[in-house]
There are 2 protein chains.
Amino acid sequence: MATFNRVVLASRPTGPVVLENFRLETAPVPTCGEGQVLVRIHYLSLDPYMRGRMNEGKSYAPAQALNETMVGGTVGEVVQSRHDKFKFGDKVVGMAGWQEYQRVDAAERGVLQRVDTTHIPLPAYLGVVGMPGVTAWYGLKKIIAPKAGDTVVVSAASGAVGGVVGQMAKTQGCRAVGIAGGKAKCDYVVKELGLDACVDYKSARDSKELYAMLKAETPDGVDGYFENVGGEILDTVMRRMNAFSRIAFCGMIAGYDGQPIPMKNPSLILVNRMKMEGFIVYEHREVWPQALRELGGWVAAGKIKYRETIAQGLENAPQAFIGLLRGANFGKQLVKLI
Amino acid sequence: MATFNRVVLASRPTGPVVLENFRLETAPVPTCGEGQVLVRIHYLSLDPYMRGRMNEGKSYAPAQALNETMVGGTVGEVVQSRHDKFKFGDKVVGMAGWQEYQRVDAAERGVLQRVDTTHIPLPAYLGVVGMPGVTAWYGLKKIIAPKAGDTVVVSAASGAVGGVVGQMAKTQGCRAVGIAGGKAKCDYVVKELGLDACVDYKSARDSKELYAMLKAETPDGVDGYFENVGGEILDTVMRRMNAFSRIAFCGMIAGYDGQPIPMKNPSLILVNRMKMEGFIVYEHREVWPQALRELGGWVAAGKIKYRETIAQGLENAPQAFIGLLRGANFGKQLVKLI
């Protein structure tokens with residue numbers, strides 16, 4: 001009997017994620033009943049939000065269950081179909097999680113979506129033309145809503161979300177300044193993605209120097225900030241925010257591993273009459289068609305560039321995920337399963 | 001020659017405000033030139049924002065200058081007029097600051113406004129039908145924007161702003177919960193203002209008990225929070241906020257005296273997809289006519305109640321202001337000058 005691999009959550013992290021939090025399991029490849037479709041997964045998406053799901057307790061989504069397949073976005077190919085909507089060979093986007101095969105009831109709404117790979121490669125549907133891209137689109141367009149001439153700052157600027165935010169800000173006529181860790185990422189952000197500047201936070205000796213570096217690149221202050229990391233970087237950017245500025249809270253990866261990291265000076269919200277808003281892109285389904293249409297157009301036209309870091313084989317997903325949380329990846333982190 | 005008194009800023013506070021930060025001065029009563037009006041001030045308004053102005057450095061408004069008359073809202077009566085727009089005996093609202101007389105160029109826009117005291121007493125134009133009332137109106141209507149059934153929490157609930165917020169929330173069909181210091185204030189908030197409950201933060205032994213008290217009064221969580229104080233109370237309310245909840249940042253008095261007080265868990269902004277917005281009511285002049293019309297109607301109809309604490313004589317303004325910052329007042333703090 002044919003078998004396939006999956007990765008389950010073996011234990012919840014008590015601090016940073018370790019390999020022992022995961023377990024590789026084997027299961028028989030299922031066969032399709034009436035109305036079902038079997039998908040061979042080609043790529044698994046690794047995303048920071050998965051870290052939040054690994055904790056117990058209240059968050060915006062239910063916690064990942066122990067001993068169940070880790071959640072996650074996937075792209076793959078239909079290898080068996082007993083539903084009219086899909087046929088053998090269709091390329092599809094889904095949420096199979098960390099596993100090599102997925103069997104779904106094809107009639108269930110939104111569970112599987114056929115995609116066109118004529119102009120856009122399949123894995124891009126997990127990045128710039130997928131959830132991360134729409135996340136960037138929503139936070140920038142709907143929360144920051146910059147006008148030409150504004151200064152927009154984005155952290156994790158070389159990442160799957162941040163890279164799109166910065167390039168979109170440029171298309172809106174903004175000054176776009178990234179924050180990223182290391183010279184290679186900063187060079188990429190400026191030279192390949194075309195942002196006006198990028199602050200390498202790892203090169204700052206202390207928070208005072210980090211502030212000075214950011215100040216030098218934001219001479220007119222900051223009108224919009226797309227927050228992917230939290231912690232000290234948030235505190236530093238807040239000190240540069242202008243009156244009536246906006247912060248879109250998309251991720252706060254710095255605080256995922258333990259005690260929450262305080263915001264040093266919340267009175268700036270009042271002093272600068274700021275607006276802050278947290279969001280989760282899955283709760284704004286109404287914008288997805290427009291966002292994906294625009295993002296797809298930009299990608300096909302070469303106006304939005306992106307980079308991927310690809311781990312090979314499901315068994316390497318846990319290590320790749322730990323690397324992602326440490327910023328070891330460059331651009332969108334994927335796992336290639338075939 | 002007739003003289004009058006004024007209070008100037010003698011020195012900037014280094015920590016809590018002390019009497020020595022102020023100095024009482026005497027000056028000759030001015031006479032009016034062509035186009036000018038002389039106003040005898042009846043009431044001076046004391047407000048928390050004045051504390052922020054006493055500090056040096058960047059805030060939302062220029063710092064109060066040393067050796068100049070302290071800023072502040074006032075109501076009074078025209079005692080001399082050389083401008084067609086005003087006549088002897090007119091009741092007027094202005095920004096004379098901490099002094100007994102004010103001479104103004106009547107043509108200057110917005111510097112002086114005649115008010116009708118037929119149904120509304122003169123000092124109410126410094127409170128519920130003035131800046132504090134419009135502040136409550138803006139934060140509740142434009143930022144929190146509650147719908148019927150929502151739970152709205154307001155800190156400093158017996159104060160000039162907070163008292164209006166809570167009563168307005170009731171008129172919108174909300175569950176309204178106040179936070180105030182002491183049994184007398186909480187009794188007033190519930191029994192006289194008609195809020196559903198009031199948490200006496202001074203009766204809590206620690207932050208755990210404060211949280212338990214708030215939780216008991218907000219069984220369905222909190223959908224909107226009108227923030228007047230900051231610090232520990234903000235952290236506590238944030239733990240009760242629901243998904244898609246809103247916080248209007250109006251004041252953060254807890255942090256005015258020294259180092260900024262951190263926000264303990266900003267990741268809740270993301271977890272609960274919250275919206276936070278700071279505002280200053282003077283920057284939203286477009287809503288004043290509507291807000292004042294609605295507030296005036298409610299006050300004249302007895303639907304919004306309020307209370308005043310009145311100090312007598314300009315020489316007692318500094319002590320009354322220090323009391324206000326400590327929460328010693330009850331409702332709107334005024335100084336009666338005649």
# chains A, B, ... in the order shown; residues from 1 in each chain; ligands from 1
call {"tool": "interface_residues", "arguments": {"of": "chain A", "to": "chain B", "cutoff": "8 Å", "atoms": "only C-alpha atoms", "output": "ChimeraX atom specification"}}
result
/A:59-60,230,249-252,255,260-267,269-280
call {"tool": "residues_around", "arguments": {"residues": "segment 107-123 of chain B", "least_positions_apart": "5", "cutoff": "10 Å", "atoms": "only C-alpha atoms", "output": "ChimeraX atom specification"}}
result
/B:35-37,39,42-45,74-78,83-87,90-96,128-130,296-297,299-301,308,332,334-336
call {"tool": "write_last_selection", "arguments": {"atoms": "C-alpha atoms", "output": "compact mmCIF listing (two decimals), in the first residue's frame"}}
result
# COMPACT_ATOMS: atom_id res chain seq x y z
CA GLY B 35 -12.10 96.98 17.14
CA GLN B 36 -11.19 95.59 20.54
CA VAL B 37 -13.28 94.07 23.30
CA VAL B 39 -13.87 90.65 28.78
CA HIS B 42 -16.13 84.65 35.28
CA TYR B 43 -14.85 81.08 35.13
CA LEU B 44 -11.54 79.51 34.21
CA SER B 45 -11.46 75.89 33.04
CA THR B 74 -12.68 80.76 29.91
CA VAL B 75 -16.19 82.17 30.02
CA GLY B 76 -17.00 85.75 30.89
CA GLU B 77 -18.86 88.93 30.13
CA VAL B 78 -18.06 91.79 27.80
CA HIS B 83 -16.52 96.41 17.85
CA ASP B 84 -20.00 96.01 16.35
CA LYS B 85 -20.04 92.26 16.88
CA PHE B 86 -20.12 92.45 20.68
CA LYS B 87 -21.93 94.64 23.14
CA ASP B 90 -22.60 89.71 26.17
CA LYS B 91 -21.71 86.32 27.59
CA VAL B 92 -18.70 84.89 25.77
CA VAL B 93 -16.48 81.82 25.59
CA GLY B 94 -12.79 82.33 24.89
CA MET B 95 -9.26 81.21 25.64
CA ALA B 96 -8.14 83.95 28.01
CA VAL B 128 -20.38 69.42 28.83
CA VAL B 129 -21.29 71.98 26.12
CA GLY B 130 -17.69 72.92 25.50
CA GLY B 296 -26.81 71.34 24.22
CA GLY B 297 -30.07 69.59 23.46
CA VAL B 299 -28.27 69.11 28.63
CA ALA B 300 -31.31 71.38 28.20
CA ALA B 301 -33.54 68.28 28.26
CA GLU B 308 -18.64 70.74 38.81
CA LYS B 332 -15.56 69.41 35.78
CA LEU B 334 -13.51 75.23 37.38
CA VAL B 335 -12.13 78.34 39.04
CA LYS B 336 -14.65 81.08 39.77
call {"tool": "residues_around", "arguments": {"residues": "Pro219 of chain A", "least_positions_apart": "5", "cutoff": "10 Å", "atoms": "only C-alpha atoms", "output": "number ranges by chain"}}
result
A: 151, 214, 240
call {"tool": "atom_distance", "arguments": {"atom1": "atom CA of Gly163 of chain A", "atom2": "atom CA of Val189 of chain A"}}
result
7.4 Å
call {"tool": "select_by_dssp", "arguments": {"residues": "segment 149-332 of chain A", "states": "helix (DSSP H, G or I)", "output": "number ranges by chain"}}
result
A: 162-171, 183-192, 201-203, 207-217, 232-238, 253-255, 267-271, 281-283, 285-300, 314-326
call {"tool": "select_by_dssp", "arguments": {"residues": "segment 11-53 of chain B", "states": "strand (DSSP E or B)", "output": "MDAnalysis selection string"}}
result
chainID B and resid 22:28 36:45
call {"tool": "write_last_selection", "arguments": {"atoms": "C-alpha atoms", "output": "PDB file, in the first residue's frame"}}
result
ATOM      1  CA  PHE B  22       3.318  79.054  39.131  1.00  0.00           C
ATOM      2  CA  ARG B  23       3.525  82.745  39.990  1.00  0.00           C
ATOM      3  CA  LEU B  24       0.695  85.198  40.613  1.00  0.00           C
ATOM      4  CA  GLU B  25       1.266  88.549  38.956  1.00  0.00           C
ATOM      5  CA  THR B  26      -0.577  91.835  38.817  1.00  0.00           C
ATOM      6  CA  ALA B  27      -1.060  93.928  35.693  1.00  0.00           C
ATOM      7  CA  PRO B  28      -3.022  97.069  34.831  1.00  0.00           C
ATOM      8  CA  GLN B  36     -11.192  95.594  20.540  1.00  0.00           C
ATOM      9  CA  VAL B  37     -13.280  94.070  23.302  1.00  0.00           C
ATOM     10  CA  LEU B  38     -12.516  93.734  27.016  1.00  0.00           C
ATOM     11  CA  VAL B  39     -13.869  90.655  28.784  1.00  0.00           C
ATOM     12  CA  ARG B  40     -14.231  90.142  32.525  1.00  0.00           C
ATOM     13  CA  ILE B  41     -13.590  86.433  33.081  1.00  0.00           C
ATOM     14  CA  HIS B  42     -16.133  84.651  35.279  1.00  0.00           C
ATOM     15  CA  TYR B  43     -14.848  81.076  35.127  1.00  0.00           C
ATOM     16  CA  LEU B  44     -11.539  79.509  34.207  1.00  0.00           C
ATOM     17  CA  SER B  45     -11.457  75.890  33.043  1.00  0.00           C
TER      18      SER B  45
END
call {"tool": "closest_residue", "arguments": {"among": "B:Leu193, B:Leu126, B:Ala136, B:Ala160", "to": "Lys303 of chain B", "atoms": "only C-alpha atoms"}}
result
B:Leu193
call {"tool": "residues_around", "arguments": {"residues": "Gly178 of chain B", "least_positions_apart": "5", "cutoff": "12 Å", "atoms": "only C-alpha atoms", "output": "MDAnalysis selection string"}}
result
chainID B and resid 151:159 161:167 169:170 185:191 193:201 213:214 217:218 222 224:228 233 237
